[in-house]
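These notes are about the structure you will find just below.
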Amino acid sequence: MTLGTTLKQARKAQQLNQQQVARGICAQSMLSAIENDRYVPNARLLLALCRRLGIAVSTLSLADDFEISADQAFNDRVQQTCNAHQYQQLKDWLLQPTTLEHVQTDEQIQAYYYYLGVACWQVDRVSDAAQQNLRLAIGMAAPNTSPTTLTRLALISLAVVKADHHPQAKVVALVTRALANIDAGAYEENTNIVFYLAGLVAYEQHDSQLAVARLTQGVAFATAHDSHYMLANIYQLMAQLAMEAGESTTAQMAAQRSQIFKDLFKEQLNDQF
């Protein structure tokens, strides 16, 4: 489905006419040209239309969920509450003693603390609980082995949590560990998230050049494994960087825009960790 068709369907689903969507953003004739794939919008215009149509969502989802128990019902509950963005409910349920009783193996314990850390971060971003639980998830990694995808996610998630209020050197160390030898071992689609969050950390630390470099690396990594997972989110963040950086970066992104807009809406878009 083309970019124009995607925007048109989102508009019609909300029973909006072109004039209502275009107001304050662009001319109605330009929106019509975009919807009919006669004009490709720049990053600033695209982001404005996305916000107007409510296309973006605010929570990152995994390609495949990690198991916290041998009981599939428990794993299904984690998946359902995460997908519904019910993080307070997920946090409360994970903290129940009866839930922890079903978590047995080292890998399940690591997944448990990872999910609990993410839930704590979503519920209360000023709490230390998110950091504590993500550290526990990292601590469950097998020593002297290449990090698993889950360990990398815990490392980069902790970097995101620390990005705003902790020394940059500590954040950089976490990102470095998350990205180290990332090409080694079997490929998992969730690994694509590491590049996106690494770019997000650089963005939060106002290093747009590093953010673009990490996101570009993520695009190359995903496409090298015949995956489009997270490309929509990676390109969205690239668009945001282009919008804030000015003409030179926008021009650079324009060379890639056909691929950007092709891949942009194949998954839910996310505005934050």
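In the structure tokens, chains take the letters A, B, ... in the order shown, each chain's residues start at 1, and ligands count up from 1 in the order shown.
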Please identify all polymer residues within 12 Å of range 87-93 of chain A, counting only C-alpha atoms, omitting same-chain residues fewer than 2 positions from it, and present them as a JSON list (two decimals) with N, CA and C atoms, in the first residue's frame.
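The resulting selection-v3.json:
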```json
[["chain", "number", "residue", "atom", "x", "y", "z"],
["A", 59, "THR", "N", 3.95, 3.50, 22.13],
["A", 59, "THR", "CA", 4.61, 2.42, 22.84],
["A", 59, "THR", "C", 5.27, 1.46, 21.88],
["A", 74, "PHE", "N", 0.46, -17.71, 31.12],
["A", 74, "PHE", "CA", 1.20, -16.58, 31.69],
["A", 74, "PHE", "C", 1.86, -15.77, 30.58],
["A", 75, "ASN", "N", 2.47, -16.46, 29.62],
["A", 75, "ASN", "CA", 3.12, -15.76, 28.52],
["A", 75, "ASN", "C", 2.09, -14.98, 27.69],
["A", 76, "ASP", "N", 0.93, -15.57, 27.48],
["A", 76, "ASP", "CA", -0.12, -14.89, 26.73],
["A", 76, "ASP", "C", -0.59, -13.63, 27.46],
["A", 77, "ARG", "N", -0.63, -13.69, 28.77],
["A", 77, "ARG", "CA", -1.08, -12.53, 29.54],
["A", 77, "ARG", "C", -0.09, -11.38, 29.41],
["A", 78, "VAL", "N", 1.20, -11.69, 29.45],
["A", 78, "VAL", "CA", 2.21, -10.66, 29.24],
["A", 78, "VAL", "C", 2.03, -10.01, 27.88],
["A", 79, "GLN", "N", 1.87, -10.84, 26.86],
["A", 79, "GLN", "CA", 1.72, -10.33, 25.50],
["A", 79, "GLN", "C", 0.47, -9.46, 25.37],
["A", 80, "GLN", "N", -0.63, -9.90, 25.94],
["A", 80, "GLN", "CA", -1.88, -9.16, 25.82],
["A", 80, "GLN", "C", -1.81, -7.80, 26.52],
["A", 81, "THR", "N", -1.26, -7.78, 27.72],
["A", 81, "THR", "CA", -1.21, -6.51, 28.45],
["A", 81, "THR", "C", -0.20, -5.55, 27.81],
["A", 82, "CYS", "N", 0.89, -6.09, 27.29],
["A", 82, "CYS", "CA", 1.86, -5.23, 26.59],
["A", 82, "CYS", "C", 1.25, -4.64, 25.33],
["A", 83, "ASN", "N", 0.63, -5.48, 24.52],
["A", 83, "ASN", "CA", 0.04, -5.01, 23.28],
["A", 83, "ASN", "C", -1.07, -4.00, 23.52],
["A", 84, "ALA", "N", -1.75, -4.12, 24.65],
["A", 84, "ALA", "CA", -2.82, -3.17, 24.99],
["A", 84, "ALA", "C", -2.28, -1.95, 25.73],
["A", 85, "HIS", "N", -0.96, -1.91, 25.96],
["A", 85, "HIS", "CA", -0.29, -0.79, 26.64],
["A", 85, "HIS", "C", -0.82, -0.61, 28.07],
["A", 95, "LEU", "N", 4.18, -8.34, 39.95],
["A", 95, "LEU", "CA", 4.61, -8.24, 41.34],
["A", 95, "LEU", "C", 3.85, -9.18, 42.27],
["A", 96, "GLN", "N", 2.82, -9.84, 41.79],
["A", 96, "GLN", "CA", 2.08, -10.78, 42.63],
["A", 96, "GLN", "C", 2.95, -12.02, 42.92],
["A", 97, "PRO", "N", 3.01, -12.46, 44.19],
["A", 97, "PRO", "CA", 3.81, -13.65, 44.52],
["A", 97, "PRO", "C", 3.44, -14.87, 43.70],
["A", 98, "THR", "N", 2.17, -15.03, 43.37],
["A", 98, "THR", "CA", 1.75, -16.20, 42.60],
["A", 98, "THR", "C", 2.31, -16.19, 41.18],
["A", 99, "THR", "N", 2.57, -15.00, 40.64],
["A", 99, "THR", "CA", 3.16, -14.91, 39.31],
["A", 99, "THR", "C", 4.61, -15.36, 39.34],
["A", 100, "LEU", "N", 5.36, -14.88, 40.31],
["A", 100, "LEU", "CA", 6.78, -15.20, 40.40],
["A", 100, "LEU", "C", 7.01, -16.69, 40.64],
["A", 112, "TYR", "N", 11.37, -11.95, 32.91],
["A", 112, "TYR", "CA", 10.49, -11.39, 33.94],
["A", 112, "TYR", "C", 10.97, -10.01, 34.37],
["A", 113, "TYR", "N", 12.25, -9.88, 34.69],
["A", 113, "TYR", "CA", 12.77, -8.60, 35.16],
["A", 113, "TYR", "C", 12.82, -7.56, 34.03],
["A", 114, "TYR", "N", 13.02, -8.04, 32.80],
["A", 114, "TYR", "CA", 12.99, -7.11, 31.67],
["A", 114, "TYR", "C", 11.59, -6.49, 31.52],
["A", 115, "TYR", "N", 10.57, -7.33, 31.50],
["A", 115, "TYR", "CA", 9.21, -6.83, 31.38],
["A", 115, "TYR", "C", 8.83, -5.94, 32.57],
["A", 116, "LEU", "N", 9.26, -6.34, 33.77],
["A", 116, "LEU", "CA", 8.94, -5.55, 34.95],
["A", 116, "LEU", "C", 9.64, -4.19, 34.87],
["A", 117, "GLY", "N", 10.87, -4.16, 34.40],
["A", 117, "GLY", "CA", 11.57, -2.90, 34.24],
["A", 117, "GLY", "C", 10.89, -1.98, 33.26],
["A", 118, "VAL", "N", 10.47, -2.53, 32.13],
["A", 118, "VAL", "CA", 9.76, -1.73, 31.12],
["A", 118, "VAL", "C", 8.44, -1.22, 31.69],
["A", 119, "ALA", "N", 7.71, -2.07, 32.40],
["A", 119, "ALA", "CA", 6.43, -1.66, 32.98],
["A", 119, "ALA", "C", 6.63, -0.54, 34.00],
["A", 120, "CYS", "N", 7.65, -0.67, 34.84],
["A", 120, "CYS", "CA", 7.92, 0.37, 35.84],
["A", 120, "CYS", "C", 8.28, 1.69, 35.17],
["A", 121, "TRP", "N", 9.04, 1.62, 34.09],
["A", 121, "TRP", "CA", 9.43, 2.83, 33.36],
["A", 121, "TRP", "C", 8.21, 3.52, 32.74],
["A", 122, "GLN", "N", 7.31, 2.74, 32.19],
["A", 122, "GLN", "CA", 6.12, 3.32, 31.57],
["A", 122, "GLN", "C", 5.17, 3.91, 32.61],
["A", 123, "VAL", "N", 5.11, 3.31, 33.78],
["A", 123, "VAL", "CA", 4.18, 3.76, 34.82],
["A", 123, "VAL", "C", 4.73, 4.99, 35.55],
["A", 124, "ASP", "N", 6.03, 4.97, 35.88],
["A", 124, "ASP", "CA", 6.60, 6.04, 36.68],
["A", 124, "ASP", "C", 8.05, 6.27, 36.28],
["A", 129, "ALA", "N", 12.80, 1.99, 40.30],
["A", 129, "ALA", "CA", 12.44, 0.58, 40.13],
["A", 129, "ALA", "C", 12.78, 0.08, 38.73],
["A", 130, "ALA", "N", 12.58, 0.91, 37.72],
["A", 130, "ALA", "CA", 12.88, 0.49, 36.35],
["A", 130, "ALA", "C", 14.35, 0.13, 36.22],
["A", 133, "ASN", "N", 15.24, -3.19, 38.14],
["A", 133, "ASN", "CA", 14.78, -4.42, 37.47],
["A", 133, "ASN", "C", 15.53, -4.69, 36.18]]
```
Using only C-alpha atoms, find the one residue out of A:Gln9, A:Met238, A:Ile138, A:Leu49 that sits nearest to Gln209 in chain A.
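Of A:Gln9, A:Met238, A:Ile138, A:Leu49, the one nearest Gln209 in chain A, counting only C-alpha atoms, is A:Met238.
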Of the residues A:Gln131, A:Val212, A:Ser32, A:Tyr235, which is the one nearest to Asn17 in chain A, using only C-alpha atoms?
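Closest to Asn17 in chain A, using only C-alpha atoms: A:Ser32.
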Restricting the calculation to only C-alpha atoms: of A:Leu215, A:Leu47, A:Leu150, A:Leu179, which residue gets closest to Ala137 in chain A?
A:Leu150
With a distance cut-off of 7 Å and only C-alpha atoms, select the neighbouring residues of range 172-178 of chain A, excluding the residue or stretch itself and same-chain residues fewer than 6 positions from it, and output the selection as a list in words.
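Near range 172-178 of chain A, the qualifying residues are Arg152, Leu155, Ile156, Ala159 and Ala198 of chain A.
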With only C-alpha atoms as the counted atoms, please give the residues lying no more than 12 Å from range 186-192 of chain A, apart from itself and same-chain residues fewer than 2 positions off, as a PyMOL selection string.
chain A and resi 60-66+146-156+178-184+194-199+214-234
My list of candidates is A:Leu7, A:Val201, A:Ile25, A:Met30. Which is closest to Leu45 in chain A when distances are computed with only C-alpha atoms?
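For Leu45 in chain A, the nearest of the given residues is A:Ile25.
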